[in-house]
Amino acid sequence: MKKFVVYFMLFTYLTSFCEVRQIAKIPILVEHYVKHKMAKHNMSIYAFFKMHYLDKQVKDKDYNEDLSLPFKKHDNFTTFLTLNIPPEKTVIFTQYHSICVDVSSDFSYSEKFYPSVFQKIWEPPKI
């Protein structure tokens, strides 16, 4: 399974570039050369490449076939592979200590202000 995934990703990566996709057009190049060879028996491979790649392009009856040859025109094609994986819900655990706040408007003595340890040291005035 890993080998298949590696080959798939490599294939996707390589085919996203136009130069690599041009190599897939080589059978069209061979077929086009055979057609020219059948029309002109004395045509060499050099003459074929010179006519199609080095000389000025002539718009003749097989002009569309000439444009389908490799490295004749750019494809302007890109492949995007995006994987959108939503993040998991994060839970943050924090420890906090509650603070006791007295919100009463009248101040009076209370045990929560002075724990029993402090009562032995200092005793507040009695009312």
# chains A, B, ... in the order shown; residues from 1 in each chain; ligands from 1
call {"tool": "residues_around", "arguments": {"residues": "A:Phe48", "least_positions_apart": "2", "cutoff": "12 Å", "atoms": "only C-alpha atoms", "output": "PyMOL selection string"}}
result
chain A and resi 29-30+32-37+39-46+50-55+66+69
